[in-house]
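Peer 1: What follows is query05.txt, made up of compact mmCIF, C-alpha atoms:
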# COMPACT_ATOMS: atom_id res chain seq x y z
CA MET A 1 0.00 0.00 0.00
CA PRO A 2 1.60 3.30 -1.09
CA ASN A 3 0.55 5.44 1.89
CA GLN A 4 1.72 3.85 5.13
CA SER A 5 1.13 6.77 7.52
CA HIS A 6 -0.56 6.13 10.84
CA SER A 7 -3.59 8.25 9.88
CA HIS A 8 -4.00 6.29 6.65
CA ARG A 9 -3.81 2.96 8.47
CA LYS A 10 -6.31 4.11 11.08
CA GLN A 11 -8.76 5.41 8.47
CA LEU A 12 -8.44 2.23 6.44
CA ILE A 13 -9.16 -0.01 9.43
CA LEU A 14 -12.06 2.22 10.53
CA ASN A 15 -13.66 1.88 7.08
CA MET A 16 -13.18 -1.89 7.12
CA ILE A 17 -14.89 -2.11 10.50
CA ASN A 18 -17.69 0.15 9.30
CA HIS A 19 -18.32 -1.93 6.15
CA LEU A 20 -17.49 -5.49 7.22
CA GLY A 21 -18.17 -5.40 10.96
CA PRO A 22 -18.56 -7.37 13.12
CA ILE A 23 -14.97 -8.23 12.27
CA SER A 24 -12.09 -9.55 14.37
CA ARG A 25 -8.53 -8.32 14.73
CA THR A 26 -7.36 -11.51 13.03
CA GLU A 27 -9.50 -10.76 9.98
CA LEU A 28 -8.26 -7.16 9.85
CA ILE A 29 -4.66 -8.42 9.93
CA ALA A 30 -5.41 -10.80 7.05
CA LEU A 31 -7.03 -8.07 4.95
CA THR A 32 -4.40 -5.40 5.53
CA ASP A 33 -1.21 -7.48 5.88
CA TYR A 34 -0.28 -5.16 8.76
CA ARG A 35 1.64 -6.55 11.71
CA PRO A 36 -0.56 -7.68 14.64
CA ALA A 37 1.05 -5.04 16.86
CA THR A 38 0.13 -2.29 14.38
CA VAL A 39 -3.49 -3.39 14.14
CA GLY A 40 -3.68 -3.84 17.91
CA ALA A 41 -2.43 -0.31 18.58
CA ILE A 42 -4.91 1.22 16.13
CA ILE A 43 -7.79 -0.79 17.59
CA LYS A 44 -6.83 0.37 21.08
CA GLU A 45 -6.85 4.00 19.92
CA LEU A 46 -10.24 3.65 18.23
CA LEU A 47 -11.70 1.97 21.31
CA GLU A 48 -10.40 4.71 23.59
CA LYS A 49 -12.01 7.36 21.37
CA GLN A 50 -15.25 5.30 21.44
CA MET A 51 -15.34 5.21 17.63
CA ILE A 52 -15.66 1.41 17.71
CA LEU A 53 -16.89 -1.20 20.19
CA GLU A 54 -16.09 -4.78 21.13
CA THR A 55 -19.47 -6.41 20.63
CA GLY A 56 -19.09 -10.12 21.21
CA TYR A 57 -17.19 -13.25 20.29
CA GLN A 58 -16.97 -15.58 17.31
CA SER A 59 -15.71 -19.14 17.42
CA ALA A 60 -12.35 -19.60 15.70
CA GLY A 61 -12.20 -23.38 16.12
CA HIS A 62 -10.39 -25.52 18.65
CA GLY A 63 -12.32 -23.81 21.48
CA ARG A 64 -10.91 -20.37 20.72
CA LYS A 65 -13.06 -17.28 20.32
CA ARG A 66 -12.24 -14.02 18.57
CA VAL A 67 -13.37 -10.64 19.89
CA MET A 68 -15.56 -8.92 17.28
CA LEU A 69 -15.40 -5.21 16.49
CA GLU A 70 -18.12 -2.88 15.19
CA ILE A 71 -18.50 0.82 14.50
CA ASN A 72 -20.03 2.64 17.49
CA LYS A 73 -23.47 3.38 16.05
CA ASN A 74 -24.72 4.72 19.36
CA ARG A 75 -21.95 7.30 19.60
CA LEU A 76 -21.43 8.67 16.07
CA CYS A 77 -24.27 10.90 14.81
CA ALA A 78 -24.90 13.73 12.35
CA ILE A 79 -27.60 16.37 11.82
CA GLY A 80 -29.38 16.67 8.48
CA ILE A 81 -31.43 19.71 7.44
CA SER A 82 -33.74 19.97 4.43
CA PHE A 83 -36.44 22.32 3.19
CA THR A 84 -39.93 21.97 1.77
CA ALA A 85 -42.00 24.85 0.44
CA LYS A 86 -43.56 25.30 3.90
CA SER A 87 -41.18 23.91 6.49
CA VAL A 88 -37.67 23.02 7.62
CA ILE A 89 -37.04 19.36 8.46
CA TYR A 90 -34.32 18.33 10.92
CA ILE A 91 -33.05 14.85 11.72
CA VAL A 92 -30.41 13.48 14.06
CA ALA A 93 -29.22 10.17 12.63
CA GLN A 94 -26.66 7.55 13.52
CA ILE A 95 -23.90 6.39 11.20
CA ASN A 96 -26.10 3.50 10.01
CA GLY A 97 -28.95 5.88 9.07
CA ASN A 98 -31.11 5.13 12.10
CA ILE A 99 -33.00 8.35 12.90
CA LEU A 100 -32.93 9.22 16.59
CA GLN A 101 -35.10 12.33 16.24
CA LYS A 102 -37.06 14.07 13.51
CA SER A 103 -38.54 17.53 13.97
CA GLU A 104 -40.06 20.20 11.77
CA SER A 105 -40.49 23.96 11.98
CA PRO A 106 -42.69 26.11 9.72
CA ILE A 107 -41.53 28.61 7.12
CA ARG A 108 -43.96 31.50 7.32
CA PRO A 109 -45.04 33.26 4.11
CA SER A 110 -42.77 36.19 3.27
CA GLN A 111 -40.58 35.41 6.29
CA ALA A 112 -37.30 37.32 6.18
CA LYS A 113 -34.38 35.01 5.50
CA ALA A 114 -32.33 36.49 8.36
CA GLU A 115 -35.13 35.71 10.79
CA LEU A 116 -35.48 32.18 9.42
CA ALA A 117 -31.73 31.64 9.78
CA LYS A 118 -31.92 32.65 13.44
CA GLU A 119 -34.80 30.22 14.03
CA ILE A 120 -32.94 27.36 12.34
CA THR A 121 -29.78 28.13 14.33
CA ALA A 122 -31.78 28.16 17.56
CA HIS A 123 -33.35 24.81 16.66
CA VAL A 124 -29.94 23.30 15.91
CA ARG A 125 -28.62 24.65 19.24
CA GLN A 126 -31.42 22.75 20.98
CA LEU A 127 -30.54 19.56 19.10
CA LEU A 128 -26.86 19.86 20.00
CA ALA A 129 -27.81 20.30 23.66
CA ALA A 130 -30.27 17.38 23.57
CA PHE A 131 -27.62 15.06 22.09
CA ASP A 132 -24.66 16.38 24.04
CA GLY A 133 -23.71 12.82 24.98
CA LYS A 134 -23.26 11.86 21.34
CA ASP A 135 -20.37 12.65 19.02
CA ILE A 136 -22.03 14.89 16.39
CA VAL A 137 -19.53 14.68 13.52
CA GLY A 138 -21.19 17.27 11.27
CA ILE A 139 -24.24 19.15 10.02
CA GLY A 140 -25.42 18.59 6.46
CA ILE A 141 -27.72 21.09 4.72
CA CYS A 142 -29.65 20.12 1.61
CA ASN A 143 -29.87 22.89 -0.97
CA PRO A 144 -33.62 23.06 -1.66
CA LEU A 145 -34.90 21.48 -4.83
CA TYR A 146 -37.31 23.59 -6.85
CA ASP A 147 -40.98 23.20 -5.93
CA PRO A 148 -43.29 24.18 -8.84
CA THR A 149 -46.00 25.28 -6.41
CA SER A 150 -43.73 28.13 -5.28
CA TYR A 151 -43.15 29.46 -8.81
CA GLN A 152 -43.44 33.25 -9.08
CA ASP A 153 -44.32 34.69 -12.47
CA ASN A 154 -42.47 37.93 -11.80
CA HIS A 155 -39.13 36.10 -11.36
CA SER A 156 -36.97 34.49 -14.01
CA LEU A 157 -36.86 30.71 -14.16
CA SER A 158 -33.28 30.85 -12.87
CA ALA A 159 -34.31 33.05 -9.94
CA ASN A 160 -37.13 30.65 -9.07
CA TYR A 161 -34.69 27.73 -8.96
CA THR A 162 -32.03 29.45 -6.85
CA HIS A 163 -34.01 31.75 -4.56
CA PHE A 164 -32.95 29.84 -1.42
CA ASN A 165 -29.51 28.57 -2.24
CA ASP A 166 -27.46 31.80 -2.09
CA TRP A 167 -29.04 32.58 1.27
CA ILE A 168 -28.06 29.17 2.62
CA HIS A 169 -24.42 29.51 1.56
CA ASP A 170 -23.97 33.13 2.60
CA GLY A 171 -26.37 33.39 5.55
CA LEU A 172 -27.33 30.17 7.29
CA LYS A 173 -24.10 28.19 6.87
CA PRO A 174 -21.85 30.84 8.51
CA MET A 175 -24.25 31.11 11.47
CA LEU A 176 -24.15 27.35 12.03
CA GLU A 177 -20.36 27.32 11.70
CA ALA A 178 -20.17 29.96 14.45
CA LEU A 179 -22.38 27.75 16.64
CA PHE A 180 -20.81 24.36 15.93
CA ASP A 181 -17.09 23.59 15.84
CA GLY A 182 -17.51 20.55 13.60
CA SER A 183 -18.11 20.23 9.88
CA VAL A 184 -21.00 22.20 8.33
CA LYS A 185 -21.55 21.41 4.65
CA THR A 186 -24.16 22.11 1.97
CA PHE A 187 -25.07 19.57 -0.68
CA SER A 188 -26.95 19.50 -3.96
CA GLY A 189 -30.49 18.15 -3.64
CA VAL A 190 -30.03 16.54 -7.07
CA THR A 191 -27.78 13.78 -5.74
CA LEU A 192 -28.98 13.34 -2.15
CA PRO A 193 -31.91 10.94 -2.77
CA ALA A 194 -29.62 8.51 -4.59
CA LEU A 195 -26.94 8.82 -1.91
CA ALA A 196 -29.47 8.27 0.87
CA GLU A 197 -30.84 5.13 -0.77
CA HIS A 198 -27.39 3.76 -1.61
CA ARG A 199 -26.03 4.29 1.90
CA PHE A 200 -29.06 3.63 4.09
CA GLY A 201 -32.03 2.58 1.99
CA VAL A 202 -33.27 0.04 -0.54
CA ALA A 203 -30.35 0.51 -2.99
CA LYS A 204 -27.57 -0.89 -0.79
CA GLY A 205 -25.11 -2.67 -3.06
CA ALA A 206 -26.63 -1.35 -6.29
CA GLN A 207 -24.32 0.45 -8.72
CA ASN A 208 -26.82 1.70 -11.32
CA PHE A 209 -30.22 2.99 -10.28
CA ILE A 210 -32.64 5.90 -10.54
CA CYS A 211 -34.64 7.50 -7.73
CA VAL A 212 -37.84 9.06 -9.07
CA GLU A 213 -39.65 11.73 -7.08
CA LEU A 214 -43.45 11.77 -7.41
CA SER A 215 -44.84 14.86 -5.71
CA ASN A 216 -45.48 18.49 -6.66
CA GLY A 217 -42.73 17.96 -9.21
CA ILE A 218 -41.31 14.99 -11.08
CA GLY A 219 -37.57 14.57 -10.66
CA ALA A 220 -34.86 11.95 -10.76
CA SER A 221 -31.67 11.31 -8.82
CA ILE A 222 -29.26 9.19 -10.85
CA PHE A 223 -26.62 6.76 -9.59
CA CYS A 224 -24.40 5.52 -12.43
CA ASN A 225 -21.54 3.04 -12.09
CA GLY A 226 -21.27 3.70 -8.36
CA THR A 227 -21.41 7.50 -8.59
CA ALA A 228 -24.22 10.01 -8.04
CA VAL A 229 -24.68 12.20 -11.13
CA ALA A 230 -25.17 15.96 -10.69
CA GLY A 231 -24.53 17.10 -14.27
CA ALA A 232 -22.46 19.97 -15.65
CA ASN A 233 -24.62 22.64 -13.99
CA GLY A 234 -25.94 20.60 -11.08
CA VAL A 235 -29.44 20.11 -12.48
CA ALA A 236 -29.29 16.55 -13.83
CA GLY A 237 -32.42 14.43 -13.51
CA GLU A 238 -35.11 16.96 -14.49
CA LEU A 239 -37.38 14.12 -15.55
CA GLY A 240 -40.44 16.32 -15.23
CA HIS A 241 -39.31 18.42 -18.18
CA THR A 242 -39.19 15.46 -20.54
CA VAL A 243 -41.59 16.28 -23.38
CA ILE A 244 -44.01 13.47 -24.29
CA GLU A 245 -47.02 15.30 -25.81
CA TYR A 246 -45.55 18.06 -27.93
CA ASN A 247 -48.35 18.29 -30.54
CA SER A 248 -51.41 17.93 -28.30
CA PRO A 249 -53.90 20.69 -29.26
CA VAL A 250 -54.98 21.18 -25.63
CA GLN A 251 -51.51 20.95 -24.10
CA LYS A 252 -50.83 23.92 -21.85
CA LEU A 253 -47.40 25.48 -21.56
CA CYS A 254 -45.22 24.34 -18.70
CA TYR A 255 -43.81 27.07 -16.46
CA CYS A 256 -40.45 26.38 -18.15
CA GLY A 257 -41.94 27.69 -21.39
CA LYS A 258 -42.31 24.42 -23.31
CA PRO A 259 -45.50 22.54 -24.16
CA GLY A 260 -45.82 18.86 -23.34
CA CYS A 261 -43.65 18.54 -20.22
CA VAL A 262 -44.70 15.50 -18.25
CA GLU A 263 -44.65 17.50 -14.99
CA SER A 264 -47.37 19.88 -16.20
CA SER A 265 -49.77 17.00 -16.82
CA THR A 266 -48.87 14.32 -14.26
CA ALA A 267 -47.39 15.85 -11.08
CA TYR A 268 -49.76 16.07 -8.14
CA PRO A 269 -50.96 19.67 -8.76
CA ALA A 270 -51.99 18.67 -12.31
CA LEU A 271 -53.77 15.53 -11.09
CA ALA A 272 -55.63 17.46 -8.39
CA ALA A 273 -56.58 20.18 -10.90
CA ASP A 274 -58.01 17.58 -13.34
CA ILE A 275 -60.10 15.99 -10.58
CA LYS A 276 -61.31 19.36 -9.32
CA ALA A 277 -62.30 20.42 -12.85
CA ALA A 278 -64.27 17.20 -13.24
CA LEU A 279 -66.09 17.85 -9.96
CA ASP A 280 -66.87 21.41 -11.12
CA ARG A 281 -68.37 20.00 -14.34
CA GLY A 282 -70.68 17.84 -12.26
CA VAL A 283 -69.00 14.46 -12.87
CA PHE A 284 -70.17 11.99 -10.25
CA SER A 285 -67.62 11.02 -7.59
CA VAL A 286 -67.69 9.79 -4.01
CA LEU A 287 -65.42 12.78 -3.30
CA ASN A 288 -68.59 14.89 -3.20
CA SER A 289 -69.60 13.14 0.03
CA TYR A 290 -66.54 14.22 2.03
CA HIS A 291 -64.42 16.74 0.13
CA ASP A 292 -64.80 20.41 1.09
CA ARG A 293 -65.00 22.17 -2.28
CA ALA A 294 -63.56 25.34 -0.77
CA SER A 295 -60.28 23.58 0.08
CA GLU A 296 -57.58 21.85 -1.94
CA ILE A 297 -58.05 18.17 -2.74
CA THR A 298 -55.63 16.09 -0.69
CA VAL A 299 -53.82 12.94 -1.72
CA GLN A 300 -55.52 11.15 1.18
CA GLU A 301 -58.97 12.05 -0.19
CA ILE A 302 -58.06 10.72 -3.62
CA ARG A 303 -56.67 7.54 -2.04
CA ARG A 304 -59.95 7.05 -0.16
CA ALA A 305 -61.89 7.43 -3.42
CA LEU A 306 -59.61 4.91 -5.16
CA ASP A 307 -60.15 2.43 -2.34
CA GLU A 308 -63.88 2.83 -2.97
CA GLU A 309 -63.29 2.23 -6.70
CA ASP A 310 -64.44 5.70 -7.69
CA ARG A 311 -64.43 5.66 -11.51
CA MET A 312 -63.63 9.32 -12.00
CA CYS A 313 -60.57 9.25 -9.73
CA MET A 314 -59.46 5.93 -11.18
CA TYR A 315 -59.61 7.45 -14.68
CA TYR A 316 -57.44 10.47 -13.90
CA VAL A 317 -55.00 8.56 -11.70
CA LYS A 318 -54.52 5.98 -14.45
CA GLU A 319 -53.95 8.75 -17.03
CA ALA A 320 -51.25 10.28 -14.83
CA ALA A 321 -49.66 6.89 -14.09
CA VAL A 322 -49.52 5.97 -17.78
CA ARG A 323 -47.76 9.22 -18.70
CA LEU A 324 -45.33 8.84 -15.81
CA GLY A 325 -44.66 5.28 -16.88
CA VAL A 326 -43.72 6.44 -20.38
CA VAL A 327 -41.20 9.01 -19.16
CA ILE A 328 -39.67 6.64 -16.60
CA ALA A 329 -39.39 3.99 -19.32
CA ASN A 330 -37.54 6.54 -21.47
CA ALA A 331 -35.05 7.00 -18.61
CA VAL A 332 -34.67 3.21 -18.30
CA ASN A 333 -33.99 2.89 -22.02
CA LEU A 334 -31.40 5.68 -21.78
CA LEU A 335 -29.57 4.64 -18.60
CA ASN A 336 -30.21 0.88 -18.29
CA PRO A 337 -30.51 0.83 -14.46
CA GLU A 338 -30.77 -2.30 -12.36
CA LEU A 339 -33.23 -0.63 -10.02
CA ILE A 340 -35.86 2.13 -9.96
CA ILE A 341 -36.73 3.60 -6.56
CA LEU A 342 -39.94 5.58 -6.14
CA TYR A 343 -40.36 8.23 -3.45
CA GLY A 344 -42.60 11.23 -2.76
CA PHE A 345 -46.06 11.78 -1.33
CA MET A 346 -47.87 10.58 -4.48
CA LEU A 347 -47.03 7.05 -3.32
CA GLU A 348 -49.80 7.59 -0.78
CA LEU A 349 -52.24 7.13 -3.67
CA GLY A 350 -51.73 3.44 -3.01
CA ASP A 351 -51.70 0.15 -4.88
CA TYR A 352 -53.95 1.15 -7.80
CA PHE A 353 -51.63 4.01 -8.76
CA LEU A 354 -48.49 1.89 -8.33
CA GLN A 355 -49.90 -1.01 -10.34
CA GLN A 356 -50.84 1.27 -13.25
CA LEU A 357 -47.44 2.95 -13.07
CA GLU A 358 -45.46 -0.29 -13.14
CA THR A 359 -47.60 -1.66 -15.98
CA SER A 360 -46.87 1.45 -18.05
CA ILE A 361 -43.14 1.40 -17.28
CA ARG A 362 -42.70 -2.23 -18.26
CA ALA A 363 -44.88 -1.86 -21.37
CA ASN A 364 -42.65 0.90 -22.71
CA VAL A 365 -39.11 -0.29 -21.97
CA LEU A 366 -36.88 -1.96 -24.52
CA SER A 367 -36.80 -5.69 -23.86
CA LEU A 368 -32.99 -5.58 -23.60
CA SER A 369 -33.33 -3.10 -20.70
CA GLY A 370 -36.16 -4.95 -18.98
CA ASN A 371 -34.18 -6.71 -16.25
CA PHE A 372 -34.71 -4.20 -13.43
CA GLU A 373 -36.56 -4.00 -10.13
CA ILE A 374 -38.99 -1.34 -8.93
CA ARG A 375 -38.91 -0.57 -5.20
CA ARG A 376 -40.50 1.97 -2.91
CA SER A 377 -38.32 4.11 -0.71
CA VAL A 378 -38.91 3.69 3.00
CA SER A 379 -37.56 7.17 3.78
CA LEU A 380 -40.29 9.39 2.28
CA GLU A 381 -40.05 12.77 4.10
CA THR A 382 -36.53 12.09 5.38
CA THR A 383 -34.90 11.22 2.04
CA MET A 384 -33.20 14.61 1.65
CA PRO A 385 -31.82 15.07 5.18
CA LEU A 386 -30.70 11.42 5.20
CA GLY A 387 -28.78 12.11 2.00
CA ALA A 388 -27.08 15.05 3.71
CA VAL A 389 -26.22 12.81 6.68
CA ALA A 390 -24.80 10.21 4.27
CA GLU A 391 -22.54 12.86 2.77
CA ILE A 392 -21.38 14.03 6.21
CA PHE A 393 -20.38 10.49 7.18
CA SER A 394 -18.75 9.90 3.79
CA ALA A 395 -16.53 12.92 4.45
CA TYR A 396 -15.90 11.83 8.05
CA LEU A 397 -14.82 8.34 6.96
CA LYS A 398 -13.13 9.66 3.77
CA ILE A 399 -15.02 7.01 1.86
CA ASP A 400 -13.96 8.39 -1.53
CA ASP A 401 -10.37 7.47 -0.66
CA TYR A 402 -11.35 3.93 0.33
CA LYS A 403 -14.03 3.00 -2.20
CA TRP A 404 -12.38 -0.34 -2.85
CA ILE A 405 -13.17 -1.39 0.71
CA TYR A 406 -16.90 -1.00 0.08
CA GLN A 407 -16.65 -3.39 -2.86
CA LEU A 408 -15.43 -6.17 -0.56
CA GLN A 409 -17.76 -8.95 0.54
CA ARG A 410 -17.51 -11.35 3.45
CA SER A 411 -16.62 -14.05 0.90
CA ASP A 412 -13.52 -12.03 -0.07
CA LEU A 413 -12.51 -12.01 3.58
CA GLU A 414 -12.99 -15.78 3.89
CA GLU A 415 -10.71 -16.34 0.90
CA LYS A 416 -8.06 -14.12 2.45
CA MET A 417 -8.12 -15.79 5.84
CA GLU A 418 -5.64 -18.50 6.77
CA LEU A 419 -6.49 -21.46 8.97
CA PRO A 420 -8.36 -20.51 12.19
CA GLY A 421 -6.07 -19.69 15.06
CA SER A 422 -2.93 -19.22 12.98
CA ILE A 423 -2.65 -15.53 13.99
CA PRO A 424 -3.45 -14.72 17.63
CA ASP A 425 -5.97 -11.99 18.53
Transcribe the structure of this file into structure tokens.

Peer 2:
Amino acid sequence: MPNQSHSHRKQLILNMINHLGPISRTELIALTDYRPATVGAIIKELLEKQMILETGYQSAGHGRKRVMLEINKNRLCAIGISFTAKSVIYIVAQINGNILQKSESPIRPSQAKAELAKEITAHVRQLLAAFDGKDIVGIGICNPLYDPTSYQDNHSLSANYTHFNDWIHDGLKPMLEALFDGSVKTFSGVTLPALAEHRFGVAKGAQNFICVELSNGIGASIFCNGTAVAGANGVAGELGHTVIEYNSPVQKLCYCGKPGCVESSTAYPALAADIKAALDRGVFSVLNSYHDRASEITVQEIRRALDEEDRMCMYYVKEAAVRLGVVIANAVNLLNPELIILYGFMLELGDYFLQQLETSIRANVLSLSGNFEIRRSVSLETTMPLGAVAEIFSAYLKIDDYKWIYQLQRSDLEEKMELPGSIPD
């Protein structure tokens, strides 16, 4: 190994324990080819700093048992912060992605950014105090993704996309750095869903997959050959602006200026608008028995109507699912992923929506690209802050410098090992 410094050896062993743990000293010696005394000294240092734990024993044959080592999940934590159009979401999560606390604070209409920054800083101060017994290794802030429902006609498209981000870099981040002596970093929301799923979620071990957001907007987070893809300008994955109905005579213009964007006809605001227009025309629906016409239609109300097999809601939900299926199939044909992960509040529409969506996807993919799975994210509202936490821990562990470790499997370790008991623990 070219770099034989103590810090390199320590970081290498820490990453091996994080990825392959529980793992014994004997196995670490076999993997690294370091002398037993070197590995023993590093393990002692990591134990004293409470970065790792001795968590049990494993039989090594002939009556001997090896002490097993694991990363200290209960000690190492990070804070993730993300934004919706109406609120700030905070999580405190362990190194394995287990969320210890989730909280939310509102963003008031027309609230001054300086005031909001003070509120966020105060909330983070409370979290740091509440978890004073933990080792908070960093704070990750997700740059807000664009929410079409917050579009302002008097601003340019560029201004609508970036209205929060400059304030986060120049306002909020310095305030948190003054409060917290650890790492405070901001990350692109384009890559965080994929990073969250790869590190903590349903894409563990996958090297090529797409996360598709189904909410007020339609977006994608792309993971290609083991790397999250941000694009040249950091806006890769704008699936919602894929044009699929360019020549439709009734196609309205998208806010981006083009006709036919899938987002303008299939994202939740478009679906709710179609259903509301049908109700206004007098189309029969069970929604009339419980929906307050003066308020917005909620995804839960549509789900209830679908469960009651309401024909009008089934018609519009199927139309949206079919269009979404076409655009997702286009992405599959282009990128050839092994996995598609769905997330966002439209999943609350339930099985009927998901069945129609999967049918449309599979009907429109090239047969050569058809060997892929479709899974639902289990993170939902915490996808973005979990992605920020994943990035904080990646920096803490310097994972980019040790990617080869995360390609190892337990079978690789078994091949490397000599006969049990040949090297003492």

Peer 1: So what do you get for atom CA of Ala37 of chain A versus atom CA of Lys73 of chain A, distance-wise?

Peer 2: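 Atom-to-atom, atom CA of Ala37 of chain A and atom CA of Lys73 of chain A are spaced 25.9 Å apart.
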
Peer 1: Show which residues sit within 12 Å of Lys204 of chain A, as an MDAnalysis selection string. Count all atoms listed in the file, and ignore same-chain residues fewer than 3 positions away.

Peer 2: chainID A and resid 19 96 194:201 207:209 223 226 339 341 377 406:407

Peer 1: Which polymer residues have any atom within 8 Å of an atom of Ile141 of chain A, counting all atoms listed in the file, with same-chain residues fewer than 6 positions away left out, as a PDB file with C-alpha atoms, keeping the file's coordinate frame?

Peer 2:
ATOM      1  CA  GLY A  80     -29.380  16.670   8.480  1.00  0.00           C
ATOM      2  CA  ILE A  81     -31.430  19.710   7.440  1.00  0.00           C
ATOM      3  CA  SER A  82     -33.740  19.970   4.430  1.00  0.00           C
ATOM      4  CA  VAL A 184     -21.000  22.200   8.330  1.00  0.00           C
ATOM      5  CA  LYS A 185     -21.550  21.410   4.650  1.00  0.00           C
ATOM      6  CA  THR A 186     -24.160  22.110   1.970  1.00  0.00           C
ATOM      7  CA  PHE A 187     -25.070  19.570  -0.680  1.00  0.00           C
ATOM      8  CA  PRO A 385     -31.820  15.070   5.180  1.00  0.00           C
ATOM      9  CA  ALA A 388     -27.080  15.050   3.710  1.00  0.00           C
TER      10      ALA A 388
END

Peer 1: Please return, as a list in words, all polymer residues that have at least one atom within 12 Å of the point (2.3, -2.6, 13.4); use only C-alpha atoms and the file's own coordinate frame.

Peer 2: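 I get Gln4, Ser5, His6, Arg9, Lys10, Ile29, Thr32, Asp33, Tyr34, Arg35, Pro36, Ala37, Thr38, Val39, Gly40, Ala41, Ile42 and Ile43 of chain A for the residues within 12 Å of that point.
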
Peer 1: Just checking: using only C-alpha atoms, which residue out of A:Val317, A:Ile275, A:Val286, A:Ala395 ends up closest to Gln11 of chain A?

Peer 2: A:Ala395

Peer 1: Using Å and a single decimal, report how far atom CA of Leu354 of chain A sits from atom CA of Gly231 of chain A.

Peer 2: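 Between these atoms lies a distance of 29.0 Å.
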
Peer 1: Could you please determine the separation between atom CA of Glu309 of chain A and atom CA of Arg323 of chain A in Å, to one decimal place?

Peer 2: 20.8 Å
